[in-house]
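Undergrad: Compact mmCIF, C-alpha atoms, saved as work_2.txt, coming up:
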```txt
# COMPACT_ATOMS: atom_id res chain seq x y z
CA MET A 223 -1.15 -25.62 21.92
CA ARG A 224 -2.20 -29.23 22.40
CA ASN A 225 -5.90 -28.32 22.12
CA ALA A 226 -5.20 -26.21 19.05
CA LEU A 227 -3.43 -29.12 17.32
CA PHE A 228 -6.37 -31.44 17.91
CA THR A 229 -8.77 -28.76 16.74
CA THR A 230 -6.96 -28.31 13.40
CA VAL A 231 -7.68 -31.94 12.46
CA LYS A 232 -11.08 -32.04 14.20
CA ALA A 233 -9.91 -34.85 16.47
CA PRO A 234 -11.11 -35.44 20.05
CA ASP A 235 -8.61 -34.46 22.73
CA ASP A 236 -7.04 -37.60 24.19
CA SER A 237 -4.94 -36.85 27.25
CA ASP A 238 -3.12 -40.19 26.97
CA LEU A 239 -1.52 -39.33 23.61
CA CYS A 240 1.88 -37.69 23.32
CA VAL A 241 1.35 -35.12 20.57
CA TYR A 242 3.94 -33.51 18.31
CA SER A 243 3.77 -31.16 15.35
CA CYS A 244 5.99 -30.68 12.30
CA ASN A 245 8.31 -27.67 12.50
CA GLY A 246 7.70 -26.98 8.83
CA CYS A 247 3.97 -27.38 8.20
CA SER A 248 2.61 -27.71 11.78
CA GLN A 249 0.91 -31.01 10.88
CA PRO A 250 0.12 -32.75 14.21
CA TYR A 251 0.91 -36.39 14.84
CA TRP A 252 1.06 -38.72 17.83
CA TRP A 253 3.77 -41.17 18.74
CA SER A 254 3.51 -44.90 19.34
CA GLU A 255 6.28 -47.19 20.61
CA ARG A 256 4.50 -50.30 19.33
CA PRO A 257 6.96 -52.07 16.98
CA GLU A 258 4.29 -52.53 14.29
CA SER A 259 3.30 -48.84 14.25
CA SER A 260 4.38 -46.71 11.30
CA ALA A 261 6.02 -44.15 13.59
CA SER A 262 8.13 -46.77 15.34
CA ARG A 263 9.13 -48.42 12.05
CA VAL A 264 10.30 -45.10 10.62
CA LYS A 265 12.30 -44.34 13.77
CA ASN A 266 13.99 -47.75 13.72
CA LYS A 267 14.89 -47.44 10.05
CA ALA A 268 16.26 -43.91 10.54
CA ALA A 269 18.27 -45.08 13.55
CA LYS A 270 19.79 -47.88 11.46
CA LEU A 271 20.86 -45.39 8.77
CA PHE A 272 22.24 -43.06 11.46
CA ARG A 273 24.35 -45.89 12.90
CA LEU A 274 25.69 -46.69 9.42
CA ALA A 275 26.67 -43.06 8.94
CA LEU A 276 28.46 -43.02 12.31
CA GLN A 277 30.31 -46.24 11.50
CA ALA A 278 31.41 -44.72 8.20
CA GLY A 279 32.92 -41.70 9.96
CA VAL A 280 30.34 -39.12 8.89
CA PRO A 281 30.76 -36.03 11.14
CA ILE A 282 27.80 -34.89 13.24
CA GLU A 283 26.92 -31.55 14.85
CA GLY A 284 24.65 -30.66 17.76
CA ASP A 285 22.78 -32.97 20.13
CA LEU A 286 21.29 -36.28 19.02
CA SER A 287 17.72 -35.30 19.94
CA VAL A 288 15.41 -38.28 19.33
CA PHE A 289 18.44 -40.53 18.66
CA ASP A 290 20.07 -39.91 22.05
CA PHE A 291 19.87 -43.68 22.70
CA VAL A 292 22.58 -44.28 20.06
CA ASP A 293 26.09 -44.75 21.47
CA VAL A 294 28.21 -42.63 19.10
CA GLU A 295 31.60 -43.83 20.34
CA MET A 296 30.57 -47.48 20.15
CA GLU A 297 29.36 -47.04 16.56
CA ARG A 298 32.58 -45.20 15.60
CA LYS A 299 34.61 -48.06 17.07
CA ALA A 300 32.51 -50.65 15.24
CA GLY A 301 33.14 -48.83 11.98
CA LYS A 302 36.91 -48.89 12.46
CA GLN A 303 36.83 -52.61 13.16
CA ASN A 304 34.83 -53.32 10.00
CA LYS A 305 37.33 -52.96 7.14
CA ASP A 306 34.69 -53.60 4.45
CA ARG A 307 32.62 -50.51 5.29
CA SER A 308 33.71 -47.19 3.83
CA ARG A 309 32.36 -43.67 4.17
CA LEU A 310 31.49 -43.58 0.48
CA GLN A 311 29.23 -46.62 0.76
CA VAL A 312 27.00 -44.68 3.13
CA VAL A 313 27.00 -41.12 1.77
CA GLU A 314 28.13 -41.19 -1.86
CA TRP A 315 24.56 -41.35 -3.18
CA PHE A 316 23.85 -38.02 -1.48
CA ASN A 317 26.21 -36.42 -3.99
CA THR A 318 24.29 -37.74 -7.00
CA GLU A 319 21.99 -35.13 -8.52
CA ARG A 320 19.75 -37.68 -10.24
CA LEU A 321 19.50 -41.20 -8.88
CA THR A 322 18.97 -43.93 -11.48
CA HIS A 323 18.02 -47.61 -11.52
CA THR A 324 17.73 -50.44 -14.02
CA PHE A 325 14.06 -51.21 -13.38
CA LYS A 326 11.42 -50.42 -16.01
CA PHE A 327 8.67 -49.02 -13.84
CA SER A 328 5.32 -47.54 -14.81
CA SER A 329 3.03 -45.51 -12.58
CA ILE A 330 -0.45 -46.88 -11.88
CA TYR A 331 -1.82 -43.35 -11.35
CA GLU A 332 -0.37 -41.57 -14.38
CA ASN A 333 -2.45 -38.37 -14.46
CA ILE A 334 -3.56 -37.92 -10.87
CA PRO A 335 -3.59 -34.15 -10.10
CA PHE A 336 -2.96 -34.38 -6.37
CA THR A 337 -2.68 -36.64 -3.33
CA ASN A 338 -1.98 -33.85 -0.84
CA ILE A 339 -3.79 -30.51 -0.45
CA THR A 340 -3.05 -27.80 2.10
CA SER A 341 -3.69 -24.07 2.17
CA ASP A 342 -0.43 -23.44 0.32
CA PHE A 343 0.28 -26.69 -1.57
CA VAL A 344 -1.53 -28.85 -4.13
CA GLY A 345 0.30 -31.76 -5.75
CA ALA A 346 0.89 -35.49 -6.13
CA LEU A 347 3.26 -36.89 -3.49
CA ASP A 348 2.24 -40.55 -3.53
CA TYR A 349 2.86 -43.12 -6.26
CA ILE A 350 2.62 -46.83 -6.98
CA PHE A 351 5.17 -48.09 -9.49
CA TYR A 352 5.16 -51.52 -11.09
CA ASP A 353 6.88 -53.52 -13.82
CA GLN A 354 4.47 -53.93 -16.74
CA GLU A 355 6.43 -56.93 -18.01
CA LYS A 356 5.73 -58.90 -14.82
CA TRP A 357 2.44 -57.51 -13.47
CA ILE A 358 -1.10 -56.73 -14.61
CA VAL A 359 -3.19 -54.08 -12.86
CA THR A 360 -6.65 -55.54 -12.25
CA HIS A 361 -8.21 -52.89 -10.00
CA GLU A 362 -7.45 -49.35 -8.86
CA LEU A 363 -8.65 -47.55 -5.77
CA HIS A 364 -10.75 -44.53 -6.74
CA VAL A 365 -9.03 -41.24 -5.97
CA PRO A 366 -10.83 -37.85 -6.11
CA THR A 367 -9.53 -35.63 -8.92
CA SER A 368 -11.29 -32.33 -8.15
CA PHE A 369 -11.88 -30.00 -5.21
CA ASN A 370 -15.64 -30.41 -5.67
CA GLU A 371 -15.36 -34.16 -5.19
CA LEU A 372 -13.43 -33.62 -1.96
CA ASN A 373 -15.77 -30.95 -0.64
CA VAL A 374 -19.14 -32.71 -0.77
CA ASN A 375 -20.66 -30.35 1.81
CA LYS A 376 -19.59 -27.26 -0.16
CA THR A 377 -18.08 -25.64 2.94
CA LYS A 378 -15.37 -23.00 2.89
CA GLY A 379 -11.99 -24.74 2.88
CA GLY A 380 -13.73 -28.12 2.86
CA HIS A 381 -11.37 -29.43 0.18
CA LEU A 382 -8.32 -29.14 2.45
CA LEU A 383 -6.80 -32.31 3.90
CA PRO A 384 -7.36 -33.80 6.39
CA SER A 385 -11.12 -33.29 6.60
CA MET A 386 -14.21 -34.94 8.08
CA HIS A 387 -14.48 -37.21 5.03
CA TRP A 388 -10.74 -37.70 4.38
CA PRO A 389 -9.02 -38.25 7.76
CA SER A 390 -5.43 -38.21 6.49
CA ASP A 391 -3.36 -35.39 5.02
CA HIS A 392 -2.72 -37.73 2.05
CA LEU A 393 -5.37 -39.31 -0.15
CA PRO A 394 -5.22 -43.13 -0.10
CA ILE A 395 -4.07 -44.82 -3.30
CA GLY A 396 -4.11 -48.55 -3.94
CA ALA A 397 -4.34 -51.24 -6.56
CA CYS A 398 -4.69 -54.97 -7.06
CA LEU A 399 -2.10 -56.63 -9.27
CA SER A 400 -1.65 -60.14 -10.58
CA PHE A 401 1.44 -61.91 -11.87
CA LYS A 402 1.76 -62.01 -15.64
CA ARG A 403 2.57 -65.46 -16.93
CA HIS A 404 3.12 -66.83 -20.42
CA ALA A 405 0.58 -69.67 -20.16
CA ASP A 406 -1.35 -71.63 -17.54
CA ASP A 407 1.08 -74.53 -17.75
CA CYS A 408 4.21 -72.37 -17.94
CA ALA A 409 7.18 -73.82 -16.02
CA CYS A 410 9.76 -71.12 -16.79
CA GLY A 411 9.62 -69.68 -13.26
CA CYS A 412 7.61 -66.55 -14.08
CA MET A 413 5.16 -67.52 -11.30
CA PRO A 414 6.71 -68.13 -7.84
CA ALA A 415 5.88 -71.45 -6.25
CA GLU A 416 4.44 -69.76 -3.15
CA VAL A 417 2.92 -66.28 -3.16
CA ARG A 418 1.95 -64.88 0.22
CA SER A 419 -0.79 -62.30 0.58
CA ILE A 420 -0.03 -58.80 1.87
CA PHE A 421 -1.78 -59.74 5.12
CA GLU A 422 0.42 -62.80 5.58
CA MET A 423 3.52 -60.71 4.91
CA ALA A 424 2.36 -58.09 7.44
CA GLU A 425 1.89 -60.77 10.09
CA LEU A 426 5.34 -62.26 9.40
CA ARG A 427 6.92 -58.81 9.69
CA LYS A 428 5.06 -58.17 12.96
CA GLN A 429 6.30 -61.46 14.41
CA ALA A 430 9.88 -60.70 13.31
CA MET A 431 9.72 -57.27 14.98
CA MET A 432 8.40 -58.77 18.21
CA ARG A 433 11.24 -61.32 18.28
CA GLY A 434 13.85 -58.59 17.81
CA ARG A 435 12.37 -56.23 20.40
```
Kindly transcribe the structure held in the file into structure tokens.
TA:
Amino acid sequence: MRNALFTTVKAPDDSDLCVYSCNGCSQPYWWSERPESSASRVKNKAAKLFRLALQAGVPIEGDLSVFDFVDVEMERKAGKQNKDRSRLQVVEWFNTERLTHTFKFSSIYENIPFTNITSDFVGALDYIFYDQEKWIVTHELHVPTSFNELNVNKTKGGHLLPSMHWPSDHLPIGACLSFKRHADDCACGCMPAEVRSIFEMAELRKQAMMRGR
């Protein structure tokens, strides 16, 4: 099974990797405990939400599986001691059919036909939203919009993701934005005094994760 998973994504077999596959779509992935890895970040965020649910008294069924490191009784006790936390604060939004917000967002990729393509699914799953009143889009990352553009070698099934030319099961999207300001000498606060780059923010987040490890 391990060899078959690597073969499906045309990846070399690495015996040091712990490989998993999705129960729904069989997409293979490998785990990393590094705090800056996407897999570890998702796990930590999900564990935080799970603890909140336990503290709020949400009932659970079955074994904890990947969250077996969470002490259920300790979280239940912490929830009872915290009088400000209620069950509704954690789970009420699950009961809302259509979530709403007060932001006025626009999509950078308005008419993109797809960002994910499998043998039984074609559709857009990835978006970048921004506030047109505060930002200006200066550049957009090119995204293929046809099967022909994805399948440059014209091979059977060559448009499916991931492929030799597109190594992820999602097409990358991206954009450069700049702050919109009223004038160069504007002092109304529309431009923050210090704007860090995405690379600086990533480094700060990495350092914070290492300190909390």
Undergrad: Counting all atoms listed in the file, figure out which residue out of A:Glu283, A:Asp391, A:Glu319, A:Glu416 gets nearest to Gly345 in chain A.
TA: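 With all atoms listed in the file as the atom set, the closest residue is A:Asp391.
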Undergrad: Have a look at A:Thr230, A:Ser329, A:Asn225, A:Ser368 and name the one nearest to Met386 in chain A; count all atoms listed in the file.
TA: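 Going through A:Thr230, A:Ser329, A:Asn225, A:Ser368 one by one, the smallest distance to Met386 in chain A is for A:Thr230.
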Undergrad: Within 12 Å of Asp285 in chain A, counting only C-alpha atoms, which residues qualify if same-chain residues fewer than 6 places away don't, as number ranges by chain?
TA: A: 291-292, 294
Undergrad: Which value, in Å to one decimal, gives the distance between CA of Ile358 in chain A and CA of Lys326 in chain A?
TA: 14.1 Å
Undergrad: Excluding same-chain residues fewer than 5 positions from Val359 in chain A, what lies within 9 Å of it counting all atoms listed in the file, as a list in words?
TA: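 Near neighbours after the sequence-gap exclusion: Ile330, Tyr352, Gln354, Ala397, Cys398, Leu399 and Ser400 of chain A.
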Undergrad: Name the closest residue to Glu297 in chain A among the candidates A:Arg273, A:Lys428, A:Arg320, A:Arg403; distances are taken between atoms, counting all atoms listed in the file.
TA: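 Under the stated criterion, the closest residue is A:Arg273.
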Undergrad: Would you pick out the contacts of range 248-263 of chain A at 8 Å or less, using only C-alpha atoms, so that residues sharing its chain but fewer than 5 positions from it are not included, and give the list as a ChimeraX atom specification?
TA: /A:227-228,239-243,428,431-432,435
Undergrad: The selected residues should be written to file as a PDB file, in the coordinates of the input (atoms: C-alpha atoms).
TA:
```pdb
ATOM      1  CA  LEU A 227      -3.430 -29.120  17.320  1.00  0.00           C
ATOM      2  CA  PHE A 228      -6.370 -31.440  17.910  1.00  0.00           C
ATOM      3  CA  LEU A 239      -1.520 -39.330  23.610  1.00  0.00           C
ATOM      4  CA  CYS A 240       1.880 -37.690  23.320  1.00  0.00           C
ATOM      5  CA  VAL A 241       1.350 -35.120  20.570  1.00  0.00           C
ATOM      6  CA  TYR A 242       3.940 -33.510  18.310  1.00  0.00           C
ATOM      7  CA  SER A 243       3.770 -31.160  15.350  1.00  0.00           C
ATOM      8  CA  LYS A 428       5.060 -58.170  12.960  1.00  0.00           C
ATOM      9  CA  MET A 431       9.720 -57.270  14.980  1.00  0.00           C
ATOM     10  CA  MET A 432       8.400 -58.770  18.210  1.00  0.00           C
ATOM     11  CA  ARG A 435      12.370 -56.230  20.400  1.00  0.00           C
TER      12      ARG A 435
END
```
Undergrad: In Å, rounded to a single decimal, give me how far CA of Pro384 in chain A is from CA of Thr337 in chain A.
TA: 11.2 Å
Undergrad: Please compute the CA of Asn333 in chain A-CA of Leu347 in chain A distance, one decimal, in Å.
TA: 12.5 Å
Undergrad: Taking 5 positions as the minimum chain separation for residues in the same chain, which residues sit within 9 Å of Leu372 in chain A when counting all atoms listed in the file? Answer as a PyMOL selection string.
TA: chain A and resi 366-367+380-383+385+387-388
